[in-house]
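J.: Please find one structure pasted underneath; my questions will follow.
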Amino acid sequence: MFQPEYEKRLLEGLGIPGATGREQLELRCIPSRARNNWARNYSLAEDPNPVRAKQLHNSPYACLLRNELLDSEVSSIDNCRRSQNILLDTGDFTEKENIRLFGYGNHSPTNRIVRHPFSRLSEYSSRLLGSPRSAVRRVARLPYKVLDAPELQDDFYLNALDWSSKDMLGVGLGCSLYLWSAVNSEVTCLCDLSDEDNMITSVKWHSGGNELAFGTNHGSVGIWDVDYEKLISNLDGHLSRVTALDWRGNSLASGSRDRTILQRDIRTNTISSCLQGHSQEVCGLQWSPTWEYLASGGNDNRLLIWTARSPKPLHTFTEHTAAVKALGWSPHKAGLLASGGGTADRCLRFWNVVSGEMVQSVDTGAQISNLAWSRNSPELVTTHGFGQPQIVVWRYPSLKQVANLSGHNRRVIYLAVSPDSKSVVTGGGDETLRFWNVFTQRKDPIEPRSPLSLYSNIR
């Protein structure tokens, strides 16, 4: 116990005017948390990995720490994220020069949080724990529809399935081309090649949804007007089967086992260019969303990037060690391309075609037969020929697996995405088509654009 005269002398020596008693002495000696650099000492503000740092700052645990240690007023996760966007831009929570763990003084914050007498958490932390959490997206493990597809070929190199912008499915079954309406489930046999040695090897809808192109085992390419059920073009030029097709407005690109890629102007039915760069069969072909780049994959393990202005490839990627059939351009980032390798490779790779560099890669553990991006979220789906699971939904760029699905009795060969980018259909060697809900629905629907005509001019 301090005697009053000693207490008075001590307080005067500390420079506290008007010393009246032991309460001011205790106030002087209690650490003030408002001046402490908790963010620096407990690494709440900085992390060498920016992705991990953002996840840390937005977590409920980090919000609770800021409330209890830094006297923040975060009452919901959304407020935490908004405040962190500002804090991350400035780089720290407090002044850089203050590195003391505890600060002593009679300086106290003006807006102290009032705690309930029977609660150890602040009022804002209690609100935070009671705030609603974002719902975890659950992907259905079973397909919502299964269709029989007799004579669906179990051939890794074929692309005999596609979904139109008018919700119509086109599929090649043996030597016949069938249509299935997702609106009324009506089935139509569009054409029959009437040749047992010939069969449908590739199918591709025009973006307008009226014309359907198909390739055959004999090397010809046909174009049907679905509304009038009339064959409007029958094109020759390839010496072997046509396994890949893609449209660019009124131009149609076709890849073949004869190792060439032909580009035709459908208005005149003439070949505008012949691209030669692969040493084996071309099994993957896709134009970028802006029609600036054409990606082609082949059984020679090479991925080539072409432009409409040059007959020579812009980039040649040789990192894959197996056939490259699975190709997909990102609808969210210009110039980003995903590709998947066959059995000996099994890798999902991402490329920046502007710089010509590989961005990242992951070993999926199985042959990749197809891939497709979601237009509503930064996700993509891959299908696999051998091994389990057969269908994997990935989050980009973290490459975290959102869902693993299986259902086919044999390997998955075909993949197509619905017009609303919510569902996918897969075709397998078990001669079935299975429909899955794998992607999220867009909250703010995009205004529908006028359909592009087959004879519209493009740049």
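FYI, nothing fancy with the structure tokens labels: chains A, B, ... in order, residues from 1 per chain, ligands from 1 as they appear.
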Using DSSP on the backbone coordinates, identify all residues within region 145-333 of chain A classified as strand (DSSP E); present the result as a PyMOL selection string.

T.: chain A and resi 145-148+161-163+168-173+176-181+187-192+200-205+211-216+221-225+230-235+242-248+251-256+260-265+270-276+282-287+293-298+303-307+315-317+324-329

J.: Compile the contact shell of Met199 (chain A) as an NGL selection string: residues with an atom at most 6 Å away, counting only C-alpha atoms, same-chain residues fewer than 2 positions apart removed.

T.: :A and (174-175 or 216-217)

J.: Restricting the calculation to only C-alpha atoms: of A:Ala338, A:Leu348, A:Cys283, A:Val393, which residue gets closest to Asp155 (chain A)?

T.: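 Nearest candidate to Asp155 (chain A) out of A:Ala338, A:Leu348, A:Cys283, A:Val393: A:Cys283.
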
J.: Find, counting only C-alpha atoms, the residue in A:Gly215, A:Gly427, A:Gly298, A:Gly365 that gets nearest to Ser339 (chain A).

T.: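 Of A:Gly215, A:Gly427, A:Gly298, A:Gly365, the one nearest Ser339 (chain A), counting only C-alpha atoms, is A:Gly298.
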
J.: Which neighbours of Gln390 (chain A) fall inside 6 Å, counting only C-alpha atoms, when residues of the same chain fewer than 4 positions from it are skipped, and could you give them as a list in words?

T.: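 The residues satisfying every condition are Thr383, His384 and Ser406 of chain A.
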
J.: Quick one: everything within 9 Å of region 226-230 of chain A, counting only C-alpha atoms, minus sequence neighbours fewer than 4 positions away in the same chain. Send it as number ranges by chain.

T.: A: 190-191, 209-212

J.: Counting only C-alpha atoms, what is within 8 Å of Leu245 (chain A), bar same-chain residues fewer than 5 positions away, as a ChimeraX atom specification?

T.: /A:202-204,213-215,252-255,285-286

J.: Create the file for the chosen residues now, containing all heavy atoms and written as an mmCIF file, in the first residue's frame.

T.:
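File produced: out_16.cif:
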```
data_model
loop_
_atom_site.group_PDB
_atom_site.id
_atom_site.type_symbol
_atom_site.label_atom_id
_atom_site.label_comp_id
_atom_site.auth_asym_id
_atom_site.auth_seq_id
_atom_site.Cartn_x
_atom_site.Cartn_y
_atom_site.Cartn_z
ATOM 1 N N SER A 202 -18.055 -35.331 -86.762
ATOM 2 C CA SER A 202 -18.006 -34.034 -86.069
ATOM 3 C C SER A 202 -19.293 -33.272 -86.344
ATOM 4 O O SER A 202 -19.907 -33.433 -87.409
ATOM 5 C CB SER A 202 -16.791 -33.208 -86.501
ATOM 6 O OG SER A 202 -16.773 -33.034 -87.903
ATOM 7 N N VAL A 203 -19.688 -32.442 -85.366
ATOM 8 C CA VAL A 203 -20.919 -31.660 -85.456
ATOM 9 C C VAL A 203 -20.651 -30.287 -84.849
ATOM 10 O O VAL A 203 -20.022 -30.178 -83.795
ATOM 11 C CB VAL A 203 -22.080 -32.360 -84.703
ATOM 12 C CG1 VAL A 203 -23.273 -31.428 -84.576
ATOM 13 C CG2 VAL A 203 -22.471 -33.651 -85.396
ATOM 14 N N LYS A 204 -21.154 -29.224 -85.507
ATOM 15 C CA LYS A 204 -20.978 -27.871 -84.969
ATOM 16 C C LYS A 204 -22.108 -26.959 -85.440
ATOM 17 O O LYS A 204 -22.348 -26.826 -86.643
ATOM 18 C CB LYS A 204 -19.629 -27.280 -85.396
ATOM 19 C CG LYS A 204 -19.251 -26.016 -84.640
ATOM 20 C CD LYS A 204 -19.028 -26.294 -83.163
ATOM 21 C CE LYS A 204 -18.622 -25.049 -82.404
ATOM 22 N NZ LYS A 204 -18.406 -25.334 -80.965
ATOM 23 N N ALA A 213 -23.400 -27.709 -89.182
ATOM 24 C CA ALA A 213 -22.359 -28.312 -90.011
ATOM 25 C C ALA A 213 -21.953 -29.656 -89.426
ATOM 26 O O ALA A 213 -21.931 -29.833 -88.205
ATOM 27 C CB ALA A 213 -21.144 -27.386 -90.102
ATOM 28 N N PHE A 214 -21.614 -30.600 -90.303
ATOM 29 C CA PHE A 214 -21.169 -31.911 -89.847
ATOM 30 C C PHE A 214 -20.074 -32.428 -90.775
ATOM 31 O O PHE A 214 -20.053 -32.149 -91.982
ATOM 32 C CB PHE A 214 -22.333 -32.908 -89.785
ATOM 33 C CG PHE A 214 -22.920 -33.275 -91.138
ATOM 34 C CD1 PHE A 214 -22.469 -34.388 -91.829
ATOM 35 C CD2 PHE A 214 -23.916 -32.495 -91.702
ATOM 36 C CE1 PHE A 214 -23.005 -34.721 -93.073
ATOM 37 C CE2 PHE A 214 -24.449 -32.805 -92.939
ATOM 38 C CZ PHE A 214 -23.998 -33.928 -93.630
ATOM 39 N N GLY A 215 -19.124 -33.145 -90.191
ATOM 40 C CA GLY A 215 -18.062 -33.771 -90.956
ATOM 41 C C GLY A 215 -18.264 -35.276 -91.001
ATOM 42 O O GLY A 215 -18.900 -35.864 -90.110
ATOM 43 N N LEU A 252 -16.163 -21.264 -92.168
ATOM 44 C CA LEU A 252 -16.154 -22.522 -91.440
ATOM 45 C C LEU A 252 -14.766 -23.147 -91.531
ATOM 46 O O LEU A 252 -14.224 -23.334 -92.626
ATOM 47 C CB LEU A 252 -17.189 -23.491 -92.016
ATOM 48 C CG LEU A 252 -17.252 -24.876 -91.376
ATOM 49 C CD1 LEU A 252 -17.698 -24.778 -89.921
ATOM 50 C CD2 LEU A 252 -18.192 -25.793 -92.162
ATOM 51 N N ALA A 253 -14.172 -23.443 -90.371
ATOM 52 C CA ALA A 253 -12.871 -24.108 -90.307
ATOM 53 C C ALA A 253 -13.085 -25.575 -90.001
ATOM 54 O O ALA A 253 -13.916 -25.938 -89.169
ATOM 55 C CB ALA A 253 -11.994 -23.466 -89.230
ATOM 56 N N SER A 254 -12.326 -26.433 -90.669
ATOM 57 C CA SER A 254 -12.442 -27.876 -90.484
ATOM 58 C C SER A 254 -11.057 -28.488 -90.368
ATOM 59 O O SER A 254 -10.150 -28.160 -91.130
ATOM 60 C CB SER A 254 -13.211 -28.515 -91.653
ATOM 61 O OG SER A 254 -12.564 -28.238 -92.891
ATOM 62 N N GLY A 255 -10.909 -29.380 -89.381
ATOM 63 C CA GLY A 255 -9.652 -30.089 -89.170
ATOM 64 C C GLY A 255 -9.825 -31.566 -89.481
ATOM 65 O O GLY A 255 -10.871 -32.148 -89.177
ATOM 66 N N LEU A 285 -10.284 -27.918 -82.385
ATOM 67 C CA LEU A 285 -10.315 -26.688 -83.179
ATOM 68 C C LEU A 285 -11.301 -25.721 -82.540
ATOM 69 O O LEU A 285 -12.456 -26.076 -82.298
ATOM 70 C CB LEU A 285 -10.746 -26.999 -84.610
ATOM 71 C CG LEU A 285 -10.346 -26.026 -85.725
ATOM 72 C CD1 LEU A 285 -8.840 -25.917 -85.840
ATOM 73 C CD2 LEU A 285 -10.950 -26.493 -87.055
ATOM 74 N N GLN A 286 -10.846 -24.479 -82.259
ATOM 75 C CA GLN A 286 -11.760 -23.503 -81.654
ATOM 76 C C GLN A 286 -11.248 -22.079 -81.869
ATOM 77 O O GLN A 286 -10.089 -21.783 -81.610
ATOM 78 C CB GLN A 286 -11.933 -23.773 -80.154
ATOM 79 C CG GLN A 286 -13.058 -22.967 -79.531
ATOM 80 C CD GLN A 286 -13.339 -23.375 -78.094
ATOM 81 O OE1 GLN A 286 -13.167 -22.578 -77.172
ATOM 82 N NE2 GLN A 286 -13.778 -24.607 -77.897
#
```

J.: So which one's closest to Thr440 (chain A), A:Arg137, A:His320, A:His315, A:Arg257? Using only C-alpha atoms, please.

T.: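 Among the listed residues, A:Arg137 lies closest to Thr440 (chain A).
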
J.: Between A:Leu336, A:Leu399, A:Leu69, A:Ile271, which is the closest to Thr364 (chain A) once you count only C-alpha atoms?

T.: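 With only C-alpha atoms as the atom set, the closest residue is A:Leu399.
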
J.: Determine the nearest neighbour of Pro331 (chain A) from the options A:Ser369, A:Gly356, A:Ser288, A:Ser361, counting only C-alpha atoms.

T.: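 Closest to Pro331 (chain A) of all the choices is A:Ser288.
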
J.: When distances are computed from only C-alpha atoms, which of A:Ser122, A:Val438, A:His332, A:Glu281 shows the smallest separation from Arg66 (chain A)?

T.: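 Using only C-alpha atoms, the shortest distance to Arg66 (chain A) belongs to A:Ser122.
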
J.: Between CA of Leu173 (chain A) and CA of Pro150 (chain A), measure the distance and give it in Å to one decimal.

T.: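 Answer for the CA of Leu173 (chain A) to CA of Pro150 (chain A) separation: 6.6 Å.
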